[in-house]
>>> print(open('model34.csv').read())   # CSV, C-alpha atoms
chain,number,residue,atom,x,y,z
I,17,MET,CA,19.0,-1.7,-40.6
I,18,SER,CA,15.4,-3.0,-40.6
I,19,TRP,CA,13.3,-2.0,-37.6
I,20,ASN,CA,10.1,-3.7,-36.5
I,21,TRP,CA,8.0,-0.7,-37.7
I,22,GLU,CA,4.7,-2.5,-37.1
I,23,VAL,CA,5.4,-3.0,-33.4
I,24,ILE,CA,7.0,0.4,-33.0
I,25,GLY,CA,4.0,2.1,-34.7
I,26,GLU,CA,1.4,0.2,-32.6
I,27,THR,CA,3.4,0.8,-29.4
I,28,GLY,CA,3.8,4.4,-30.2
I,29,LEU,CA,0.1,5.0,-30.9
I,30,GLN,CA,-0.8,3.2,-27.6
I,31,PHE,CA,1.7,5.3,-25.7
I,32,PHE,CA,0.4,8.5,-27.3
I,33,GLY,CA,-3.2,7.6,-26.6
I,34,LYS,CA,-2.5,6.6,-23.0
I,35,MET,CA,-0.7,9.8,-22.2
I,36,SER,CA,-3.3,12.0,-24.0
I,37,ALA,CA,-6.1,10.3,-22.0
I,38,SER,CA,-4.2,10.8,-18.8
I,39,ILE,CA,-3.6,14.5,-19.5
I,40,SER,CA,-7.4,14.9,-20.3
I,41,HIS,CA,-8.2,13.4,-16.9
I,42,GLU,CA,-5.9,15.7,-15.1
I,43,ILE,CA,-7.3,18.8,-16.9
I,44,LYS,CA,-10.8,17.6,-16.0
I,45,ASN,CA,-9.7,17.5,-12.3
I,46,VAL,CA,-8.3,21.1,-12.6
I,47,LEU,CA,-11.5,22.3,-14.2
I,48,ALA,CA,-13.6,20.6,-11.5
I,49,ILE,CA,-11.6,22.4,-8.7
I,50,ILE,CA,-11.9,25.7,-10.5
I,51,ASN,CA,-15.7,25.0,-11.0
I,52,GLU,CA,-16.3,24.4,-7.3
I,53,ASN,CA,-14.3,27.3,-6.1
I,54,ALA,CA,-15.8,29.7,-8.7
I,55,GLY,CA,-19.2,28.4,-7.6
I,56,LEU,CA,-18.3,29.1,-4.0
I,57,LEU,CA,-17.4,32.7,-4.9
I,58,GLU,CA,-20.8,33.0,-6.6
I,59,ASP,CA,-22.6,31.6,-3.5
I,60,LEU,CA,-20.8,34.2,-1.4
I,61,THR,CA,-21.9,37.0,-3.8
I,62,VAL,CA,-25.5,35.9,-3.4
I,63,MET,CA,-25.1,35.9,0.4
I,64,VAL,CA,-23.7,39.5,0.3
I,65,GLU,CA,-26.6,40.6,-1.9
I,66,LYS,CA,-29.0,39.2,0.7
I,67,GLY,CA,-27.3,41.4,3.3
I,68,MET,CA,-25.2,38.8,5.1
I,69,PRO,CA,-21.8,40.1,6.4
I,70,LEU,CA,-18.8,38.6,4.7
I,71,ASP,CA,-15.3,37.8,6.1
I,72,PRO,CA,-12.8,38.7,3.3
I,73,GLN,CA,-10.9,35.5,4.1
I,74,ARG,CA,-13.8,33.5,2.8
I,75,LEU,CA,-13.1,35.1,-0.6
I,76,LYS,CA,-9.3,34.8,-0.4
I,77,THR,CA,-9.3,31.0,0.0
I,78,PRO,CA,-11.3,30.0,-3.1
I,79,ALA,CA,-9.6,32.8,-5.2
I,80,SER,CA,-6.1,31.4,-4.3
I,81,ARG,CA,-7.2,27.8,-5.0
I,82,ILE,CA,-8.4,29.0,-8.5
I,83,MET,CA,-5.0,30.7,-9.1
I,84,LYS,CA,-3.2,27.5,-8.0
I,85,GLN,CA,-5.2,25.3,-10.4
I,86,ILE,CA,-4.6,27.7,-13.2
I,87,ARG,CA,-0.8,27.4,-12.6
I,88,ARG,CA,-1.3,23.6,-12.4
I,89,GLY,CA,-3.3,23.5,-15.6
I,90,ASP,CA,-0.7,25.6,-17.4
I,91,ASP,CA,2.1,23.2,-16.3
I,92,ILE,CA,0.0,20.3,-17.6
I,93,MET,CA,-0.5,22.0,-21.0
I,94,LYS,CA,3.2,22.9,-21.2
I,95,GLY,CA,4.0,19.2,-20.7
I,96,MET,CA,1.4,18.2,-23.2
I,97,ASN,CA,2.8,20.6,-25.8
I,98,ARG,CA,6.4,19.4,-25.3
I,99,PHE,CA,5.2,15.8,-25.6
I,100,ALA,CA,3.3,16.6,-28.8
I,101,HIS,CA,6.4,18.2,-30.3
I,102,SER,CA,8.5,15.2,-29.5
I,103,VAL,CA,7.4,13.6,-32.8
I,104,ASP,CA,8.6,16.6,-34.8
I,105,ASP,CA,12.0,15.3,-35.6
I,106,PRO,CA,13.2,11.7,-36.0
I,107,LEU,CA,16.6,12.8,-34.6
I,108,ARG,CA,17.3,15.7,-32.3
I,109,GLN,CA,19.7,16.7,-29.6
I,110,ILE,CA,18.0,16.6,-26.3
I,111,ASP,CA,19.0,16.9,-22.6
I,112,LEU,CA,18.5,13.4,-21.3
I,113,ASP,CA,17.5,14.5,-17.8
I,114,ASP,CA,15.0,17.0,-19.2
I,115,THR,CA,13.4,14.2,-21.3
I,116,LEU,CA,13.3,11.9,-18.2
I,117,ALA,CA,11.7,14.7,-16.2
I,118,LEU,CA,9.0,15.1,-18.9
I,119,THR,CA,8.3,11.4,-19.0
I,120,CYS,CA,8.1,11.3,-15.2
I,121,ALA,CA,5.7,14.3,-15.2
I,122,LEU,CA,3.5,12.5,-17.8
I,123,SER,CA,3.7,9.3,-15.7
I,124,ASN,CA,3.0,10.9,-12.3
I,125,ARG,CA,-0.7,10.3,-12.4
I,126,PHE,CA,-0.2,6.6,-13.1
I,127,ALA,CA,2.4,6.4,-10.4
I,128,SER,CA,0.0,8.1,-7.9
I,129,MET,CA,-2.8,5.6,-8.8
I,130,ARG,CA,-0.4,2.8,-7.9
I,131,GLY,CA,0.8,4.5,-4.8
I,132,VAL,CA,4.3,4.9,-6.1
I,133,ARG,CA,6.5,8.0,-5.8
I,134,LEU,CA,8.9,8.9,-8.6
I,135,GLU,CA,12.2,10.3,-7.3
I,136,LEU,CA,14.3,12.1,-9.9
I,137,VAL,CA,17.9,12.4,-8.9
I,138,PRO,CA,19.5,15.5,-10.5
I,139,PRO,CA,22.6,14.6,-12.6
I,140,SER,CA,26.0,16.1,-11.7
I,141,THR,CA,26.4,17.4,-15.3
I,142,PRO,CA,24.0,17.7,-18.2
I,143,VAL,CA,23.7,14.7,-20.5
I,144,PRO,CA,23.1,15.8,-24.1
I,145,VAL,CA,22.1,13.0,-26.5
I,146,VAL,CA,21.2,12.9,-30.2
I,147,THR,CA,18.3,10.5,-30.5
I,148,ASN,CA,14.6,10.0,-31.5
I,149,PRO,CA,12.8,11.9,-28.6
I,150,PHE,CA,9.5,10.1,-29.0
I,151,PHE,CA,10.9,6.6,-29.2
I,152,LEU,CA,13.0,7.3,-26.1
I,153,GLN,CA,10.0,8.6,-24.1
I,154,ASN,CA,8.0,5.6,-25.2
I,155,LEU,CA,10.7,3.2,-24.0
I,156,LEU,CA,11.2,5.2,-20.8
I,157,TRP,CA,7.5,4.9,-20.1
I,158,LEU,CA,7.5,1.1,-20.7
I,159,CYS,CA,10.5,0.7,-18.3
I,160,LEU,CA,8.8,2.9,-15.7
I,161,ASP,CA,5.6,1.0,-16.0
I,162,PHE,CA,7.5,-2.2,-15.4
I,163,ALA,CA,9.6,-0.7,-12.6
I,164,MET,CA,6.5,0.6,-10.7
I,165,GLY,CA,5.3,-3.0,-10.5
I,166,CYS,CA,8.6,-3.9,-8.8
I,167,ALA,CA,8.7,-0.9,-6.4
I,168,GLY,CA,7.8,-3.1,-3.4
I,169,ALA,CA,6.9,-1.9,0.1
I,170,GLY,CA,9.1,1.3,-0.3
I,171,LYS,CA,6.8,2.3,-3.1
I,172,THR,CA,9.6,4.5,-4.6
I,173,VAL,CA,11.2,4.4,-8.0
I,174,SER,CA,14.4,6.4,-8.1
I,175,LEU,CA,15.6,7.7,-11.5
I,176,LYS,CA,19.0,9.0,-12.4
I,177,THR,CA,20.8,10.0,-15.7
I,178,GLU,CA,24.6,10.0,-16.2
I,179,ARG,CA,27.3,10.0,-18.8
I,180,THR,CA,29.4,6.8,-18.8
I,181,GLY,CA,32.2,6.9,-21.4
I,182,GLY,CA,30.7,7.3,-24.8
I,183,LYS,CA,27.3,6.4,-23.7
I,184,ALA,CA,24.4,7.9,-21.7
I,185,ALA,CA,22.6,5.9,-19.0
I,186,ILE,CA,19.3,6.1,-17.2
I,187,THR,CA,19.2,4.0,-14.0
I,188,LEU,CA,15.9,3.0,-12.3
I,189,SER,CA,16.6,1.8,-8.8
I,190,LYS,CA,15.0,1.0,-5.4
I,191,LEU,CA,13.0,-1.8,-7.1
I,192,GLN,CA,12.7,-3.9,-3.9
I,193,ASP,CA,10.3,-6.4,-5.3
I,194,MET,CA,12.2,-7.1,-8.5
I,195,ALA,CA,13.6,-10.4,-7.2
I,196,SER,CA,10.0,-11.8,-6.7
I,197,VAL,CA,8.4,-10.3,-9.9
I,198,GLU,CA,8.4,-12.4,-13.0
I,199,THR,CA,10.9,-10.7,-15.3
I,200,ALA,CA,11.2,-13.3,-18.1
I,201,SER,CA,8.6,-11.4,-20.3
I,202,PHE,CA,10.4,-8.0,-19.9
I,203,PRO,CA,11.8,-6.7,-22.2
I,204,GLY,CA,9.2,-8.0,-24.6
I,205,ASP,CA,8.6,-7.4,-28.3
I,206,ARG,CA,7.7,-3.7,-27.8
I,207,GLU,CA,10.7,-2.9,-25.7
I,208,ARG,CA,13.1,-4.8,-28.0
I,209,ALA,CA,11.8,-3.0,-31.1
I,210,LEU,CA,12.4,0.4,-29.4
I,211,LEU,CA,15.8,-0.7,-28.1
I,212,GLN,CA,16.8,-1.7,-31.6
I,213,ALA,CA,15.5,1.6,-33.0
I,214,LEU,CA,17.4,3.6,-30.4
I,215,ASN,CA,20.5,1.4,-30.6
I,216,ALA,CA,20.1,1.1,-26.8
I,217,ASP,CA,20.7,-1.7,-24.2
I,218,LEU,CA,18.7,-2.6,-21.2
I,219,VAL,CA,20.2,-4.5,-18.3
I,220,ILE,CA,18.0,-5.8,-15.4
I,221,ASP,CA,19.8,-6.7,-12.1
I,222,LYS,CA,17.5,-8.6,-9.8
I,223,ASN,CA,20.0,-8.7,-7.0
I,224,THR,CA,20.5,-4.9,-6.7
I,225,GLY,CA,16.9,-4.1,-7.8
I,226,GLU,CA,18.1,-1.9,-10.7
I,227,MET,CA,17.4,-1.4,-14.3
I,228,ALA,CA,19.9,0.4,-16.5
I,229,LEU,CA,19.1,1.7,-20.0
I,230,THR,CA,22.2,2.8,-21.9
I,231,LEU,CA,22.1,4.5,-25.3
I,232,PRO,CA,24.7,6.1,-27.6
I,233,VAL,CA,25.3,9.8,-27.2
I,234,HIS,CA,24.9,10.1,-31.0
I,235,SER,CA,22.2,7.7,-32.4
I,236,GLN,CA,22.7,6.7,-36.0
I,237,GLY,CA,18.9,6.9,-36.7
Q,2,MET,CA,-34.1,16.8,8.0
Q,3,SER,CA,-30.7,17.5,6.5
Q,4,GLU,CA,-29.0,14.8,4.4
Q,5,LYS,CA,-25.8,13.3,5.7
Q,6,VAL,CA,-23.2,13.1,2.9
Q,7,LEU,CA,-19.7,11.7,2.6
Q,8,LEU,CA,-17.5,13.2,-0.1
Q,9,VAL,CA,-14.5,11.1,-1.3
Q,10,ASP,CA,-11.9,12.6,-3.7
Q,11,ASP,CA,-8.1,12.8,-3.7
Q,12,GLU,CA,-8.2,16.5,-4.5
Q,13,GLU,CA,-8.5,18.5,-1.2
Q,14,ASP,CA,-9.2,21.8,-2.9
Q,15,PHE,CA,-12.2,20.3,-4.7
Q,16,LEU,CA,-13.4,18.6,-1.5
Q,17,ASP,CA,-13.2,21.7,0.7
Q,18,ALA,CA,-15.1,23.9,-1.8
Q,19,MET,CA,-17.8,21.4,-2.5
Q,20,ALA,CA,-18.2,20.6,1.2
Q,21,THR,CA,-18.6,24.3,2.1
Q,22,ARG,CA,-21.2,24.8,-0.7
Q,23,MET,CA,-23.2,21.7,0.4
Q,24,LYS,CA,-23.1,22.8,4.1
Q,25,ASP,CA,-24.3,26.2,3.1
Q,26,ARG,CA,-27.3,24.4,1.5
Q,27,GLY,CA,-28.1,22.6,4.8
Q,28,MET,CA,-26.4,19.3,4.3
Q,29,GLU,CA,-24.2,17.5,7.0
Q,30,VAL,CA,-21.0,16.8,5.1
Q,31,SER,CA,-17.9,14.7,5.9
Q,32,THR,CA,-14.9,14.5,3.6
Q,33,THR,CA,-11.9,12.2,3.1
Q,34,THR,CA,-9.1,12.0,0.5
Q,35,SER,CA,-8.5,8.3,1.3
Q,36,ALA,CA,-10.4,5.3,0.1
Q,37,ALA,CA,-9.4,3.3,3.2
Q,38,ASP,CA,-10.7,6.1,5.5
Q,39,ALA,CA,-13.9,6.3,3.4
Q,40,LEU,CA,-14.6,2.6,4.0
Q,41,LYS,CA,-14.0,3.0,7.7
Q,42,LYS,CA,-16.4,6.0,7.9
Q,43,VAL,CA,-19.1,4.1,6.0
Q,44,GLU,CA,-18.7,1.2,8.5
Q,45,GLU,CA,-19.0,3.6,11.5
Q,46,GLY,CA,-21.6,6.0,10.3
Q,47,ALA,CA,-25.0,6.1,8.5
Q,48,TYR,CA,-24.8,8.3,5.4
Q,49,ASP,CA,-27.7,9.2,3.1
Q,50,ALA,CA,-25.3,9.4,0.2
Q,51,VAL,CA,-21.6,9.0,-0.7
Q,52,VAL,CA,-20.2,11.0,-3.6
Q,53,LEU,CA,-17.2,9.0,-4.7
Q,54,ASP,CA,-14.4,9.9,-7.3
Q,55,LEU,CA,-13.9,7.0,-9.7
Q,56,MET,CA,-10.1,7.5,-10.0
Q,57,MET,CA,-8.6,7.3,-6.6
Q,58,PRO,CA,-4.9,6.5,-5.7
Q,59,GLU,CA,-4.3,3.0,-4.4
Q,60,MET,CA,-7.8,1.7,-4.8
Q,61,ASP,CA,-10.0,1.7,-7.9
Q,62,GLY,CA,-13.2,3.6,-7.4
Q,63,LEU,CA,-15.3,0.6,-8.5
Q,64,GLU,CA,-13.5,-1.6,-6.0
Q,65,VAL,CA,-14.3,1.0,-3.3
Q,66,LEU,CA,-17.9,1.1,-4.4
Q,67,LYS,CA,-18.2,-2.7,-4.2
Q,68,ALA,CA,-16.6,-2.8,-0.7
Q,69,MET,CA,-19.0,0.0,0.5
Q,70,LYS,CA,-22.0,-1.9,-0.8
Q,71,GLU,CA,-20.9,-5.0,1.0
Q,72,LYS,CA,-20.7,-3.2,4.3
Q,73,ARG,CA,-23.9,-1.2,3.8
Q,74,PRO,CA,-26.1,-2.6,1.0
Q,75,GLU,CA,-28.7,0.2,1.4
Q,76,LEU,CA,-26.0,2.9,0.9
Q,77,GLN,CA,-26.6,5.1,-2.1
Q,78,ILE,CA,-23.4,6.0,-4.0
Q,79,ILE,CA,-23.0,8.6,-6.7
Q,80,LEU,CA,-19.8,8.2,-8.8
Q,81,LEU,CA,-17.9,11.2,-10.0
Q,82,THR,CA,-15.9,10.7,-13.2
Q,83,GLY,CA,-13.8,12.8,-15.5
Q,84,HIS,CA,-15.3,11.2,-18.6
Q,85,ALA,CA,-18.8,9.6,-18.4
Q,86,THR,CA,-19.0,7.0,-21.1
Q,87,VAL,CA,-21.8,4.6,-21.6
Q,88,GLN,CA,-19.5,1.7,-20.8
Q,89,LYS,CA,-18.4,3.3,-17.5
Q,90,GLY,CA,-22.0,4.1,-16.6
Q,91,VAL,CA,-23.1,0.5,-17.2
Q,92,GLU,CA,-20.2,-0.8,-15.1
Q,93,ALA,CA,-21.0,1.7,-12.3
Q,94,ILE,CA,-24.6,0.6,-12.1
Q,95,LYS,CA,-23.6,-3.1,-12.4
Q,96,PHE,CA,-21.4,-2.6,-9.3
Q,97,GLY,CA,-24.3,-0.9,-7.4
Q,98,ALA,CA,-23.9,2.8,-8.0
Q,99,MET,CA,-27.1,4.9,-7.8
Q,100,ASP,CA,-25.8,7.2,-10.5
Q,101,PHE,CA,-22.7,8.8,-12.0
Q,102,ILE,CA,-21.9,12.4,-12.9
Q,103,GLU,CA,-19.2,13.8,-15.1
Q,104,LYS,CA,-16.7,16.4,-13.6
Q,105,PRO,CA,-17.0,19.3,-13.4
Q,106,ALA,CA,-20.3,18.7,-11.7
Q,107,ASP,CA,-23.3,21.0,-11.6
Q,108,LEU,CA,-24.0,21.4,-7.9
Q,109,LYS,CA,-27.8,21.8,-8.4
Q,110,THR,CA,-27.9,18.4,-10.3
Q,111,LEU,CA,-25.7,16.8,-7.7
Q,112,THR,CA,-27.9,18.1,-4.9
Q,113,GLU,CA,-31.1,16.7,-6.5
Q,114,LYS,CA,-29.4,13.3,-6.8
Q,115,ILE,CA,-28.5,13.5,-3.2
Q,116,HIS,CA,-32.1,14.2,-2.3
Q,117,GLN,CA,-33.1,11.2,-4.4
Q,118,ALA,CA,-30.4,9.1,-2.8
Q,119,SER,CA,-31.8,10.0,0.7
Q,120,SER,CA,-35.3,9.0,-0.3
Q,121,GLN,CA,-34.1,5.7,-1.8
Q,122,ARG,CA,-32.1,4.8,1.2
Q,123,MET,CA,-35.1,5.5,3.5
Q,124,VAL,CA,-37.2,3.1,1.5
Q,125,LEU,CA,-34.6,0.4,1.7
Q,126,VAL,CA,-34.1,0.9,5.4
Q,127,GLU,CA,-37.8,0.8,6.1
Q,128,LYS,CA,-38.1,-2.4,4.0
Q,129,LYS,CA,-35.2,-3.9,6.0
Q,130,ILE,CA,-37.0,-3.1,9.3
Q,131,GLN,CA,-40.3,-4.5,8.0
Q,132,ASP,CA,-38.7,-7.7,6.9
Q,133,LYS,CA,-37.0,-8.0,10.3
Q,134,ILE,CA,-40.3,-7.5,12.1
Q,135,LYS,CA,-42.0,-10.1,9.8
Q,136,ARG,CA,-39.2,-12.6,10.6
Q,137,MET,CA,-39.6,-12.0,14.3
Q,138,ILE,CA,-43.3,-12.5,14.1
Q,139,GLN,CA,-42.9,-15.8,12.2
Q,140,GLU,CA,-40.3,-17.0,14.7
Q,141,LYS,CA,-42.5,-16.3,17.6
Q,142,GLY,CA,-45.4,-18.0,15.7
Q,143,TRP,CA,-47.7,-15.0,16.3
>>> encode(input="model34.csv", output="structure tokens")
Amino acid sequence: MSWNWEVIGETGLQFFGKMSASISHEIKNVLAIINENAGLLEDLTVMVEKGMPLDPQRLKTPASRIMKQIRRGDDIMKGMNRFAHSVDDPLRQIDLDDTLALTCALSNRFASMRGVRLELVPPSTPVPVVTNPFFLQNLLWLCLDFAMGCAGAGKTVSLKTERTGGKAAITLSKLQDMASVETASFPGDRERALLQALNADLVIDKNTGEMALTLPVHSQG
Amino acid sequence: MSEKVLLVDDEEDFLDAMATRMKDRGMEVSTTTSAADALKKVEEGAYDAVVLDLMMPEMDGLEVLKAMKEKRPELQIILLTGHATVQKGVEAIKFGAMDFIEKPADLKTLTEKIHQASSQRMVLVEKKIQDKIKRMIQEKGW
């Protein structure tokens, strides 16, 4: 089977770059918060050295904020590491909900910038899939990006994974504005190239405001 | 006289710490995590400087900057950005920012810029008053 490698390659690089840039912005924010709270602790030290009395609570608050940001930074780096390793193997068994959760975590900052909340609905049973993890994340991001533009006044995109017969499905719903958004250009060349590479299908239902991505449980690669 | 500063950023833990440090240095500080609320505050109050995060939810920092300058042309706005590129800097100045600083920010540098902002604003406000007086004199034919 011949894939559109040029489009897949370009799309993949853009996706990787976009996510990397977003992660760097998030880490910068984490560092900025640590910087200010560490600076505040330093200021308090100077005050104590000058003989001013100090309420211990004034130390507790910045210290706990620093700990909170360190945990946040660690979570971001864990996500970045998992994302980076998604290119290790062209075919691998993954847990579909886990991959969806990672893509949502990477996309959260973009969603927040657009005032959209991503709502991940836990599946009733795990959905293991053998596929190309990076291509799948790339396609999920493109679908999510489009879906966020259709979220409407509710500003929520709900995501759910499930097993349906011999296939695995990811449904994006609560897309209240889908009926009024121009959908003729989606899926475009990028999405079609990835759908072909994943042997997947994408169905958009304007009436119900849902998008359903289905892929085989075992991709041929 | 202490400077009156408005801090605008979506990260509360950042805002609280920075506000506390600025207040300890004698500044009068207001904070908000919302771009819409920041615009309202600017309309209602006279600030010597606004320190504004470039990446805010729901409204782009540059759009907020533009809207603030429309309401208060003499307002001095310092943009905070995660990555200060030349392109971003040029854009920021084009939209009317006084300056831009990369996060994490050095408070000493930021404080100096706020002092600068206060002086610049005073000059603009005085000029505005002088121009108004001149117009009044001309209208009266004095």
>>> atom_distance(input="model34.csv", atom1="CA of Leu53 in chain Q", atom2="CA of Val62 in chain I")
28.2 Å
>>> closest_residue(input="model34.csv", among="I:Gly182, I:Pro106, I:Gly170, I:Gly131", to="chain Q", atoms="all atoms listed in the file")
I:Gly131
>>> atom_distance(input="model34.csv", atom1="CA of Ala36 in chain Q", atom2="CA of Leu191 in chain I")
25.5 Å
>>> closest_residue(input="model34.csv", among="Q:Ser120, Q:Thr82, Q:Gln77, Q:Thr32", to="chain I", atoms="all atoms listed in the file")
Q:Thr82
>>> closest_residue(input="model34.csv", among="I:Asn20, I:Ser36, I:Asn154, I:Thr77", to="chain Q", atoms="only C-alpha atoms")
I:Thr77
>>> residues_around(input="model34.csv", residues="Ala85 in chain Q", least_positions_apart="6", cutoff="10 Å", atoms="only C-alpha atoms", output="ChimeraX atom specification")
/Q:101-104
